[in-house]
$ cat run_12.txt   # compact mmCIF, C-alpha atoms
# COMPACT_ATOMS: atom_id res chain seq x y z
CA MET A 1 43.85 -19.41 3.43
CA ILE A 2 41.61 -17.42 5.67
CA HIS A 3 38.47 -18.56 7.43
CA ALA A 4 35.33 -16.86 6.20
CA ARG A 5 33.72 -17.08 9.63
CA LEU A 6 36.36 -14.77 11.10
CA ILE A 7 35.72 -12.17 8.43
CA VAL A 8 31.96 -12.34 8.91
CA ASP A 9 32.37 -12.06 12.69
CA GLU A 10 34.38 -8.87 12.21
CA LEU A 11 31.82 -7.47 9.76
CA ARG A 12 29.17 -8.07 12.42
CA ARG A 13 31.31 -6.36 15.06
CA GLN A 14 31.57 -3.37 12.71
CA ARG A 15 27.77 -3.40 12.33
CA VAL A 16 27.96 -3.88 8.59
CA THR A 17 24.46 -3.95 7.12
CA ASP A 18 25.04 -4.70 3.43
CA VAL A 19 27.65 -6.43 1.28
CA LEU A 20 27.64 -5.63 -2.43
CA GLY A 21 29.73 -7.18 -5.11
CA VAL A 22 30.47 -9.70 -7.80
CA PRO A 23 31.48 -13.29 -6.92
CA ASP A 24 34.82 -14.95 -7.61
CA ASN A 25 36.41 -18.22 -6.59
CA ALA A 26 38.45 -16.79 -3.72
CA SER A 27 35.39 -15.23 -2.09
CA LYS A 28 33.09 -18.24 -2.54
CA ALA A 29 33.26 -19.44 1.05
CA LEU A 30 32.74 -15.91 2.32
CA LEU A 31 29.75 -15.38 0.03
CA ASP A 32 28.25 -18.73 1.01
CA LEU A 33 28.47 -17.75 4.66
CA LEU A 34 27.15 -14.24 4.08
CA ALA A 35 24.14 -15.72 2.30
CA THR A 36 23.15 -17.36 5.58
CA GLU A 37 23.85 -14.30 7.72
CA PRO A 38 20.54 -12.71 8.73
CA ALA A 39 22.04 -9.42 9.93
CA ILE A 40 23.73 -8.62 6.61
CA ARG A 41 22.00 -8.09 3.28
CA LEU A 42 23.95 -9.56 0.36
CA LEU A 43 23.37 -7.94 -3.04
CA THR A 44 25.04 -9.22 -6.19
CA VAL A 45 25.47 -6.52 -8.81
CA THR A 46 26.04 -6.73 -12.56
CA ARG A 47 29.43 -4.96 -12.60
CA GLU A 48 31.73 -3.67 -9.93
CA GLY A 49 31.18 0.04 -10.56
CA GLU A 50 27.59 -0.41 -9.53
CA ALA A 51 28.72 -1.68 -6.15
CA PHE A 52 30.50 1.57 -5.31
CA ALA A 53 27.57 3.74 -6.38
CA ILE A 54 24.98 1.65 -4.53
CA ALA A 55 27.21 1.50 -1.45
CA SER A 56 27.56 5.29 -1.49
CA GLY A 57 23.78 5.65 -1.64
CA LEU A 58 23.38 3.17 1.20
CA TRP A 59 25.81 5.18 3.33
CA VAL A 60 23.98 8.42 2.57
CA GLY A 61 20.82 6.65 3.63
CA GLY A 62 22.33 5.66 6.98
CA ARG A 63 23.54 2.11 6.37
CA THR A 64 27.01 0.60 6.74
CA PRO A 65 27.86 -1.15 3.47
CA VAL A 66 30.95 -3.08 2.40
CA VAL A 67 32.01 -3.88 -1.17
CA LEU A 68 33.36 -7.35 -2.02
CA ILE A 69 34.99 -7.71 -5.45
CA GLN A 70 38.00 -9.19 -7.23
CA ASN A 71 40.97 -7.02 -8.20
CA THR A 72 39.95 -7.30 -11.86
CA GLY A 73 36.66 -5.66 -10.92
CA LEU A 74 38.46 -3.02 -8.91
CA LEU A 75 40.24 -1.90 -12.07
CA GLU A 76 36.98 -1.97 -14.00
CA ALA A 77 35.31 0.18 -11.37
CA GLY A 78 37.89 2.94 -11.18
CA ASP A 79 35.76 5.86 -12.27
CA ALA A 80 32.79 4.76 -10.18
CA LEU A 81 35.01 4.53 -7.09
CA ARG A 82 36.52 7.92 -7.88
CA GLY A 83 33.23 9.65 -8.69
CA THR A 84 31.11 8.24 -5.89
CA ALA A 85 32.75 6.87 -2.72
CA MET A 86 35.96 8.89 -3.04
CA ARG A 87 34.37 12.12 -4.18
CA MET A 88 31.61 11.80 -1.53
CA ARG A 89 34.09 10.95 1.25
CA VAL A 90 32.33 7.70 2.11
CA PRO A 91 34.12 5.64 4.80
CA LEU A 92 33.70 2.48 2.77
CA VAL A 93 35.63 -0.73 3.31
CA CYS A 94 36.20 -2.62 0.07
CA LEU A 95 37.24 -6.26 0.31
CA VAL A 96 39.30 -7.11 -2.77
CA THR A 97 40.39 -10.64 -3.53
CA VAL A 98 43.74 -10.54 -5.30
CA ARG A 99 43.78 -12.83 -8.32
CA GLY A 100 47.30 -13.77 -9.27
CA HIS A 101 48.89 -12.93 -5.93
CA ALA A 102 50.41 -16.39 -5.36
CA ARG A 103 52.36 -16.39 -8.62
CA MET A 104 53.53 -12.85 -8.06
CA ALA A 105 54.61 -13.58 -4.49
CA ALA A 106 56.41 -16.75 -5.61
CA ARG A 107 58.64 -14.56 -7.73
CA GLY A 108 59.19 -12.17 -4.85
CA LEU A 109 57.67 -9.26 -6.78
CA ARG A 110 56.22 -6.19 -5.10
CA PRO A 111 55.57 -3.94 -8.11
CA SER A 112 55.57 -0.19 -7.86
CA ALA A 113 54.21 2.26 -10.41
CA GLU A 114 57.76 2.80 -11.66
CA SER A 115 58.40 -0.90 -12.20
CA VAL A 116 55.20 -1.61 -14.13
CA ASN A 117 55.71 -1.69 -17.86
CA ALA A 118 54.54 -3.61 -20.92
CA GLU A 119 57.29 -6.18 -20.48
CA LEU A 120 56.19 -7.04 -16.95
CA LEU A 121 52.47 -6.97 -17.78
CA SER A 122 52.83 -9.38 -20.69
CA GLN A 123 54.84 -12.09 -18.93
CA PRO A 124 52.95 -15.39 -19.25
CA ASP A 125 53.79 -16.63 -15.76
CA LEU A 126 52.40 -13.49 -14.10
CA ASP A 127 48.81 -12.32 -13.80
CA SER A 128 48.97 -8.68 -14.82
CA VAL A 129 46.04 -7.70 -12.62
CA ALA A 130 47.98 -8.72 -9.52
CA VAL A 131 50.91 -6.64 -10.72
CA LEU A 132 48.69 -3.59 -11.14
CA THR A 133 46.61 -3.81 -7.97
CA GLU A 134 48.77 -2.02 -5.38
CA PRO A 135 50.22 0.58 -7.78
CA THR A 136 46.68 1.39 -8.90
CA LEU A 137 45.39 1.82 -5.36
CA ARG A 138 48.36 4.05 -4.59
CA ALA A 139 47.70 6.17 -7.68
CA TRP A 140 44.03 6.52 -6.76
CA GLY A 141 44.82 7.57 -3.20
CA VAL A 142 43.11 4.56 -1.66
CA PRO A 143 44.90 3.16 1.40
CA TRP A 144 44.86 -0.59 1.93
CA GLU A 145 45.37 -3.37 4.42
CA VAL A 146 46.32 -6.97 3.61
CA LEU A 147 44.68 -10.18 4.83
CA SER A 148 46.72 -13.28 4.09
CA THR A 149 46.03 -15.52 7.08
CA ASP A 150 43.66 -15.70 10.04
CA ALA A 151 46.31 -13.91 12.10
CA ASP A 152 45.83 -10.82 9.93
CA LEU A 153 42.19 -10.29 11.01
CA PRO A 154 43.03 -7.23 13.12
CA ARG A 155 43.89 -5.50 9.81
CA LEU A 156 40.22 -5.68 8.87
CA ALA A 157 39.23 -3.77 11.99
CA ALA A 158 42.04 -1.35 11.22
CA ALA A 159 40.59 -0.74 7.76
CA PHE A 160 37.27 0.29 9.28
CA ARG A 161 39.09 2.68 11.61
CA ARG A 162 41.10 4.19 8.77
CA GLY A 163 37.96 4.68 6.73
CA GLN A 164 36.18 6.48 9.56
CA GLU A 165 39.17 8.60 10.51
CA GLY A 166 40.00 9.57 6.94
CA GLU A 167 36.39 9.73 5.70
CA GLN A 168 37.37 7.73 2.66
CA PRO A 169 37.29 4.27 1.12
CA VAL A 170 39.87 1.77 2.31
CA ALA A 171 40.70 -1.45 0.47
CA VAL A 172 41.38 -4.75 2.18
CA LEU A 173 43.40 -7.00 -0.10
CA ILE A 174 42.61 -10.67 0.48
CA THR A 175 45.56 -12.53 -0.97
CA THR A 176 44.34 -16.07 -0.39
CA ASP A 177 41.16 -18.10 -0.77
CA THR A 178 38.52 -17.80 1.89
CA VAL A 179 37.54 -21.18 3.34
CA ALA A 180 34.59 -22.46 5.37
CA MET B 1 7.44 17.15 -25.07
CA THR B 2 10.02 19.37 -23.42
CA ARG B 3 12.07 18.56 -20.35
CA GLU B 4 10.14 21.25 -18.52
CA ASP B 5 6.87 19.41 -19.35
CA VAL B 6 8.30 16.48 -17.41
CA LEU B 7 9.83 18.34 -14.48
CA ARG B 8 7.20 20.98 -13.71
CA PRO B 9 4.35 18.57 -12.84
CA LEU B 10 6.75 16.31 -10.95
CA ALA B 11 7.99 19.23 -8.84
CA ALA B 12 4.38 20.30 -8.20
CA ARG B 13 3.89 16.88 -6.57
CA ARG B 14 7.35 17.00 -4.95
CA GLY B 15 6.32 15.76 -1.48
CA GLN B 16 9.05 14.04 0.56
CA PRO B 17 10.78 11.66 -1.83
CA VAL B 18 14.49 11.89 -2.41
CA VAL B 19 15.04 13.17 -5.96
CA VAL B 20 18.38 12.34 -7.59
CA THR B 21 19.10 14.20 -10.81
CA THR B 22 21.89 13.88 -13.31
CA MET B 23 23.18 15.42 -16.55
CA GLY B 24 20.56 17.39 -18.49
CA ALA B 25 18.02 17.30 -15.68
CA VAL B 26 20.27 18.80 -13.00
CA ARG B 27 19.90 22.53 -13.61
CA PRO B 28 16.32 22.45 -15.00
CA TRP B 29 15.10 20.55 -11.92
CA ALA B 30 16.52 23.26 -9.67
CA ARG B 31 14.35 25.83 -11.45
CA PHE B 32 11.30 23.98 -10.09
CA SER B 33 12.51 22.54 -6.79
CA ASP B 34 14.81 23.61 -3.96
CA HIS B 35 14.47 20.91 -1.34
CA PRO B 36 16.86 19.30 1.20
CA LEU B 37 16.09 15.90 -0.35
CA ASP B 38 17.17 16.98 -3.84
CA PHE B 39 20.57 15.59 -4.83
CA ALA B 40 22.55 16.30 -7.98
CA SER B 41 24.69 13.45 -9.22
CA ALA B 42 27.01 15.99 -10.81
CA ASP B 43 30.78 16.20 -10.62
CA SER B 44 30.40 12.50 -9.94
CA ALA B 45 30.67 9.45 -12.23
CA MET B 46 28.57 9.34 -15.40
CA GLY B 47 26.17 6.44 -15.54
CA HIS B 48 25.96 5.99 -11.79
CA ALA B 49 23.03 8.18 -10.75
CA ALA B 50 20.50 5.36 -10.90
CA ASP B 51 22.58 2.93 -8.87
CA PHE B 52 23.44 5.62 -6.31
CA ALA B 53 19.72 6.38 -6.01
CA LEU B 54 19.02 2.66 -5.64
CA GLY B 55 21.36 2.60 -2.64
CA VAL B 56 19.44 5.43 -1.02
CA ALA B 57 16.17 3.60 -1.75
CA LEU B 58 17.44 0.39 -0.15
CA ALA B 59 18.57 2.32 2.92
CA GLN B 60 15.30 4.24 3.22
CA PRO B 61 12.58 1.72 2.35
CA GLN B 62 9.85 3.84 3.91
CA ARG B 63 10.59 6.76 1.58
CA LYS B 64 10.13 7.05 -2.19
CA VAL B 65 13.31 7.70 -4.18
CA VAL B 66 13.02 9.19 -7.66
CA CYS B 67 15.92 9.23 -10.12
CA LEU B 68 15.84 11.55 -13.13
CA ASN B 69 18.24 9.70 -15.39
CA GLY B 70 19.25 10.46 -18.97
CA ASP B 71 19.38 8.08 -21.90
CA GLY B 72 23.15 8.28 -22.34
CA SER B 73 23.62 7.66 -18.63
CA MET B 74 21.21 4.73 -18.69
CA LEU B 75 23.11 3.14 -21.56
CA MET B 76 26.30 3.32 -19.51
CA SER B 77 24.79 1.15 -16.80
CA LEU B 78 22.05 -0.96 -18.34
CA GLY B 79 22.76 -3.73 -15.87
CA THR B 80 21.38 -1.48 -13.18
CA LEU B 81 17.89 -2.16 -14.55
CA VAL B 82 18.40 -5.78 -13.57
CA THR B 83 19.98 -4.91 -10.22
CA ILE B 84 17.08 -2.62 -9.29
CA VAL B 85 14.58 -5.44 -9.74
CA ALA B 86 16.81 -8.07 -8.13
CA SER B 87 17.36 -5.85 -5.11
CA GLY B 88 13.70 -5.98 -4.20
CA ALA B 89 13.46 -2.22 -3.78
CA THR B 90 9.77 -1.30 -3.92
CA ASN B 91 10.17 2.44 -3.35
CA PHE B 92 12.20 3.32 -6.43
CA VAL B 93 10.91 5.33 -9.39
CA LEU B 94 13.30 5.57 -12.34
CA PHE B 95 12.68 8.22 -14.97
CA VAL B 96 14.65 7.95 -18.21
CA LEU B 97 14.53 11.20 -20.16
CA GLN B 98 15.25 10.22 -23.73
CA ASN B 99 16.36 12.98 -26.06
CA ASP B 100 18.64 10.65 -28.06
CA THR B 101 21.68 12.85 -27.51
CA TYR B 102 24.60 13.48 -25.20
CA GLU B 103 23.28 16.96 -24.64
CA LEU B 104 25.92 18.31 -22.28
CA THR B 105 28.73 17.60 -24.71
CA GLY B 106 27.01 19.17 -27.71
CA ASN B 107 24.09 16.90 -28.61
CA GLN B 108 26.01 14.09 -30.23
CA ALA B 109 23.69 11.15 -30.97
CA ILE B 110 23.60 8.30 -28.47
CA PRO B 111 24.18 4.80 -29.87
CA GLY B 112 20.88 3.56 -31.22
CA ALA B 113 19.32 7.00 -31.25
CA GLY B 114 15.68 6.78 -32.32
CA ARG B 115 15.60 3.01 -31.93
CA VAL B 116 16.56 2.24 -28.34
CA ASP B 117 13.48 1.21 -26.34
CA PHE B 118 14.20 1.64 -22.63
CA ALA B 119 10.66 0.64 -21.68
CA ALA B 120 11.12 -2.73 -23.38
CA MET B 121 14.48 -3.11 -21.65
CA ALA B 122 12.91 -2.36 -18.28
CA ARG B 123 10.19 -4.95 -18.87
CA ALA B 124 12.81 -7.49 -19.91
CA ALA B 125 14.76 -6.73 -16.74
CA GLY B 126 11.67 -7.56 -14.69
CA PHE B 127 10.07 -4.21 -13.95
CA SER B 128 6.39 -4.89 -13.49
CA ARG B 129 5.38 -1.23 -13.74
CA VAL B 130 6.65 0.46 -16.88
CA HIS B 131 5.28 3.59 -18.54
CA ALA B 132 6.32 5.26 -21.79
CA PHE B 133 5.24 8.75 -22.74
CA ALA B 134 5.81 11.06 -25.67
CA ASP B 135 2.86 13.31 -24.87
CA ALA B 136 2.89 15.80 -22.00
CA THR B 137 -0.83 15.61 -21.23
CA ALA B 138 -0.87 11.83 -21.02
CA TYR B 139 2.19 11.94 -18.77
CA GLU B 140 0.78 14.57 -16.44
CA THR B 141 -2.51 12.69 -16.14
CA ALA B 142 -0.73 9.46 -15.21
CA LEU B 143 1.83 11.03 -12.87
CA PRO B 144 -0.14 10.71 -9.59
CA SER B 145 -0.58 6.97 -10.04
CA ILE B 146 3.05 6.60 -11.13
CA LEU B 147 4.25 8.10 -7.88
CA GLU B 148 1.94 5.96 -5.74
CA GLY B 149 1.94 2.25 -5.12
CA VAL B 150 4.54 -0.44 -5.09
CA GLY B 151 7.59 -0.18 -7.32
CA PRO B 152 10.02 -0.35 -8.79
CA VAL B 153 8.62 1.80 -11.57
CA CYS B 154 10.33 2.78 -14.80
CA VAL B 155 9.06 5.78 -16.76
CA THR B 156 10.52 6.57 -20.15
CA LEU B 157 9.87 10.01 -21.61
CA ARG B 158 10.57 11.19 -25.13
CA VAL B 159 11.81 14.76 -24.76
CA GLU B 160 13.22 17.29 -27.18
CA PRO B 161 16.97 17.89 -27.07
CA GLY B 162 17.91 21.01 -25.16
CA ALA B 163 21.02 23.12 -24.80
CA GLU B 164 22.25 22.39 -21.29
CA GLY B 165 25.97 22.97 -20.96
CA PRO B 166 28.62 21.12 -18.93
CA LEU B 167 27.92 20.71 -15.24
CA GLY B 168 30.01 22.13 -12.45
CA ARG B 169 29.81 22.86 -8.77
CA GLY B 170 30.67 26.00 -6.87
CA PRO B 171 29.36 29.13 -5.18
CA ARG B 172 28.45 30.85 -8.45
CA GLU B 173 26.02 28.14 -9.55
CA ALA B 174 22.40 29.34 -9.77
CA ALA B 175 21.15 25.94 -8.64
CA ALA B 176 21.50 25.87 -4.85
CA TYR B 177 22.23 22.16 -4.79
CA LEU B 178 25.23 22.65 -7.07
CA ARG B 179 26.97 25.10 -4.76
CA PRO B 180 28.41 22.61 -2.23
CA SER B 181 31.00 20.03 -3.15
CA LEU B 182 29.77 16.54 -3.91
CA ALA B 183 31.08 15.40 -0.52
CA GLU B 184 29.24 18.19 1.27
CA SER B 185 26.06 17.47 -0.70
CA ALA B 186 26.28 13.82 0.32
CA ARG B 187 26.72 14.83 3.96
CA LEU B 188 23.77 17.23 3.75
CA LEU B 189 21.49 14.59 2.28
CA ARG B 190 22.66 12.04 4.85
CA ARG B 191 21.91 14.52 7.62
CA ALA B 192 18.51 15.44 6.16
CA LEU B 193 17.53 11.79 5.94
CA ALA B 194 18.80 11.08 9.45
CA THR B 195 16.79 13.98 10.85
CA ARG B 196 13.64 12.86 9.10
CA SER B 197 14.01 9.25 10.20
CA GLY B 198 14.89 10.12 13.79
CA ARG B 199 18.52 9.03 13.54
CA THR B 200 21.21 11.26 14.99

$ encode --input "run_12.txt" --output "structure tokens"
Amino acid sequence: MIHARLIVDELRRQRVTDVLGVPDNASKALLDLLATEPAIRLLTVTREGEAFAIASGLWVGGRTPVVLIQNTGLLEAGDALRGTAMRMRVPLVCLVTVRGHARMAARGLRPSAESVNAELLSQPDLDSVAVLTEPTLRAWGVPWEVLSTDADLPRLAAAFRRGQEGEQPVAVLITTDTVA
Amino acid sequence: MTREDVLRPLAARRGQPVVVTTMGAVRPWARFSDHPLDFASADSAMGHAADFALGVALAQPQRKVVCLNGDGSMLMSLGTLVTIVASGATNFVLFVLQNDTYELTGNQAIPGAGRVDFAAMARAAGFSRVHAFADATAYETALPSILEGVGPVCVTLRVEPGAEGPLGRGPREAAAYLRPSLAESARLLRRALATRSGRT
């Protein structure tokens, strides 16, 4: 687990102005805390692709947005991410909760594009979206950092640096529930 | 009414709003306006002009933001109607040019062509100011009041199908705002907005 307060503190240090996304169970504590955070506007959108387009517009307008979605929504939003934040070179940090990570990690799997196939994706004891998350990011050219415990918080700051330096979106994979 | 009947009077009242165009409105708009706050959502992601424009509006609450959306694009992101209202943006004016076709790909009919009522959808999403026009004179008469006051505003316009071809970007484009890459266009708009709002 990872403490939501630590994430919010880092978002404040990075002068994040807006968080856009769609809720899930793993991000509940983080969303609850963000809802009480006066310095950050929280906007829930109707589907994840909207979050990338709105965030790109916010950045063009001078704000510092962050996207917060589940990995299922990341897959849904592929063309929006490609056609807005990637194509516009927006240094956008995207927090992605990784549904299915625990079961995948328990089996010691670290799928690559080459190892993903119909057999793997249809196994009942695996969540296929977890299997696809990292290979998809790699295919899309989106670098990522991983947050699994409180000790990983420096990776969040690193994601902001990578986004600025590369002028591109960077994903932060949150592989555990956020807690109050 | 024609698309030009919609764009010409709007450009004549251009002022300082950001104007985001997409699909069939991109090249025609450039025949009436060449402004640093014009932005073409072209070579981008279909269906995401209105939400991109909403982001600009939320970032620049002191400035009007106009989006010239198409009907096919609007159908791809109907939820954005709800998000616009829920966001509380009061400076956003959404035009939906309804010609009932995917014009750029050869005028194939959109789903629900002739029946889809975007004005009703906007009202159901919570827009308090909704206008629907099929007549150029009525539209032009109402335009000044549409562009003033508190939004968000949704304006649906029945226009004839045209013959706009696929969009591209590059130095040979007649429309000045299609010559830079999308990334460069985004940087130019960001810089223009920063200059006008005193940011560096």

$ atom_distance --input "run_12.txt" --atom1 "atom CA of Tyr177 of chain B" --atom2 "atom CA of Val159 of chain B"
23.7 Å

$ residues_around --input "run_12.txt" --residues "segment 145-153 of chain A" --least-positions-apart "6" --cutoff "9 Å" --atoms "only C-alpha atoms" --output "list of chain:residue names"
A:Met1, A:Ile2, A:His3, A:Leu6, A:Ile7, A:Glu10, A:Ala159, A:Val170, A:Ala171, A:Val172, A:Leu173, A:Ile174, A:Thr175, A:Thr176, A:Asp177

$ closest_residue --input "run_12.txt" --among "A:Asp125, A:Asp24, A:Asp79, A:Glu48" --to "chain B" --atoms "all atoms listed in the file"
A:Asp79

$ closest_residue --input "run_12.txt" --among "A:Ala39, A:Ala51, A:Met104, A:Leu34" --to "chain B" --atoms "all atoms listed in the file"
A:Ala51

$ residues_around --input "run_12.txt" --residues "segment 63-70 of chain A" --least-positions-apart "3" --cutoff "9 Å" --atoms "all atoms listed in the file" --output "short mmCIF file (atom, residue, chain, number, x, y, z; two decimals) with C-alpha atoms, in the frame of the given file"
data_model
loop_
_atom_site.label_atom_id
_atom_site.label_comp_id
_atom_site.auth_asym_id
_atom_site.auth_seq_id
_atom_site.Cartn_x
_atom_site.Cartn_y
_atom_site.Cartn_z
CA LEU A 11 31.82 -7.47 9.76
CA GLN A 14 31.57 -3.37 12.71
CA ARG A 15 27.77 -3.40 12.33
CA VAL A 16 27.96 -3.88 8.59
CA THR A 17 24.46 -3.95 7.12
CA ASP A 18 25.04 -4.70 3.43
CA VAL A 19 27.65 -6.43 1.28
CA LEU A 20 27.64 -5.63 -2.43
CA GLY A 21 29.73 -7.18 -5.11
CA VAL A 22 30.47 -9.70 -7.80
CA PRO A 23 31.48 -13.29 -6.92
CA ASP A 24 34.82 -14.95 -7.61
CA ALA A 26 38.45 -16.79 -3.72
CA SER A 27 35.39 -15.23 -2.09
CA GLU A 48 31.73 -3.67 -9.93
CA ALA A 51 28.72 -1.68 -6.15
CA PHE A 52 30.50 1.57 -5.31
CA ILE A 54 24.98 1.65 -4.53
CA ALA A 55 27.21 1.50 -1.45
CA SER A 56 27.56 5.29 -1.49
CA GLY A 57 23.78 5.65 -1.64
CA LEU A 58 23.38 3.17 1.20
CA TRP A 59 25.81 5.18 3.33
CA VAL A 60 23.98 8.42 2.57
CA GLY A 73 36.66 -5.66 -10.92
CA LEU A 74 38.46 -3.02 -8.91
CA PRO A 91 34.12 5.64 4.80
CA LEU A 92 33.70 2.48 2.77
CA VAL A 93 35.63 -0.73 3.31
CA CYS A 94 36.20 -2.62 0.07
CA LEU A 95 37.24 -6.26 0.31
CA VAL A 96 39.30 -7.11 -2.77
CA THR A 97 40.39 -10.64 -3.53
CA VAL A 98 43.74 -10.54 -5.30
CA ARG A 99 43.78 -12.83 -8.32
CA ALA B 59 18.57 2.32 2.92
#

$ closest_residue --input "run_12.txt" --among "B:Val18, B:Leu193, B:Ala174, B:Ala163" --to "chain A" --atoms "only C-alpha atoms"
B:Leu193

$ interface_residues --input "run_12.txt" --of "chain B" --to "chain A" --cutoff "7 Å" --atoms "only C-alpha atoms" --output "compact mmCIF listing (two decimals) with C-alpha atoms, in the coordinates of the input"
# COMPACT_ATOMS: atom_id res chain seq x y z
CA SER B 44 30.40 12.50 -9.94
CA ALA B 45 30.67 9.45 -12.23
CA HIS B 48 25.96 5.99 -11.79
CA ASP B 51 22.58 2.93 -8.87
CA PHE B 52 23.44 5.62 -6.31
CA ALA B 53 19.72 6.38 -6.01
CA LEU B 54 19.02 2.66 -5.64
CA GLY B 55 21.36 2.60 -2.64
CA VAL B 56 19.44 5.43 -1.02
CA LEU B 58 17.44 0.39 -0.15
CA ALA B 59 18.57 2.32 2.92
CA GLN B 60 15.30 4.24 3.22
CA GLY B 79 22.76 -3.73 -15.87
CA THR B 83 19.98 -4.91 -10.22
CA SER B 87 17.36 -5.85 -5.11
CA LEU B 182 29.77 16.54 -3.91
CA ALA B 183 31.08 15.40 -0.52
CA ALA B 186 26.28 13.82 0.32
CA LEU B 189 21.49 14.59 2.28
CA ARG B 190 22.66 12.04 4.85
CA LEU B 193 17.53 11.79 5.94
CA ALA B 194 18.80 11.08 9.45

$ residues_near_point --input "run_12.txt" --point "(27.1, 17.8, -27.3)" --cutoff "12 Å" --atoms "all atoms listed in the file" --output "VMD selection string"
chain B and resid 23 to 24 72 99 to 110 161 to 166

$ atom_distance --input "run_12.txt" --atom1 "atom CA of Ala138 of chain B" --atom2 "atom CA of Gly112 of chain B"
25.4 Å

$ build_atoms --input "run_12.txt" --residues "segment 107-122 of chain B" --atoms "N, CA and C atoms" --output "mmCIF file, keeping the file's coordinate frame"
data_model
loop_
_atom_site.group_PDB
_atom_site.id
_atom_site.type_symbol
_atom_site.label_atom_id
_atom_site.label_comp_id
_atom_site.auth_asym_id
_atom_site.auth_seq_id
_atom_site.Cartn_x
_atom_site.Cartn_y
_atom_site.Cartn_z
ATOM 1 N N ASN B 107 25.173 17.604 -27.915
ATOM 2 C CA ASN B 107 24.090 16.900 -28.610
ATOM 3 C C ASN B 107 24.544 15.903 -29.674
ATOM 4 N N GLN B 108 25.653 15.217 -29.367
ATOM 5 C CA GLN B 108 26.010 14.090 -30.230
ATOM 6 C C GLN B 108 24.976 12.964 -30.018
ATOM 7 N N ALA B 109 24.689 12.220 -31.078
ATOM 8 C CA ALA B 109 23.690 11.150 -30.970
ATOM 9 C C ALA B 109 24.178 10.023 -30.056
ATOM 10 N N ILE B 110 23.255 9.491 -29.248
ATOM 11 C CA ILE B 110 23.600 8.300 -28.470
ATOM 12 C C ILE B 110 23.598 7.095 -29.410
ATOM 13 N N PRO B 111 24.285 6.014 -29.052
ATOM 14 C CA PRO B 111 24.180 4.800 -29.870
ATOM 15 C C PRO B 111 22.712 4.350 -29.916
ATOM 16 N N GLY B 112 22.256 4.032 -31.101
ATOM 17 C CA GLY B 112 20.880 3.560 -31.220
ATOM 18 C C GLY B 112 19.841 4.657 -31.138
ATOM 19 N N ALA B 113 20.258 5.879 -31.351
ATOM 20 C CA ALA B 113 19.320 7.000 -31.250
ATOM 21 C C ALA B 113 18.101 6.746 -32.142
ATOM 22 N N GLY B 114 16.916 6.967 -31.567
ATOM 23 C CA GLY B 114 15.680 6.780 -32.320
ATOM 24 C C GLY B 114 15.176 5.354 -32.334
ATOM 25 N N ARG B 115 16.014 4.418 -31.896
ATOM 26 C CA ARG B 115 15.600 3.010 -31.930
ATOM 27 C C ARG B 115 15.584 2.383 -30.537
ATOM 28 N N VAL B 116 16.432 2.880 -29.652
ATOM 29 C CA VAL B 116 16.560 2.240 -28.340
ATOM 30 C C VAL B 116 15.229 2.362 -27.583
ATOM 31 N N ASP B 117 14.765 1.244 -27.040
ATOM 32 C CA ASP B 117 13.480 1.210 -26.340
ATOM 33 C C ASP B 117 13.741 0.848 -24.873
ATOM 34 N N PHE B 118 13.890 1.881 -24.044
ATOM 35 C CA PHE B 118 14.200 1.640 -22.630
ATOM 36 C C PHE B 118 13.028 0.983 -21.890
ATOM 37 N N ALA B 119 11.815 1.266 -22.333
ATOM 38 C CA ALA B 119 10.660 0.640 -21.680
ATOM 39 C C ALA B 119 10.702 -0.880 -21.883
ATOM 40 N N ALA B 120 11.018 -1.293 -23.105
ATOM 41 C CA ALA B 120 11.120 -2.730 -23.380
ATOM 42 C C ALA B 120 12.257 -3.354 -22.567
ATOM 43 N N MET B 121 13.356 -2.606 -22.455
ATOM 44 C CA MET B 121 14.480 -3.110 -21.650
ATOM 45 C C MET B 121 14.078 -3.264 -20.191
ATOM 46 N N ALA B 122 13.336 -2.293 -19.684
ATOM 47 C CA ALA B 122 12.910 -2.360 -18.280
ATOM 48 C C ALA B 122 11.994 -3.560 -18.061
#
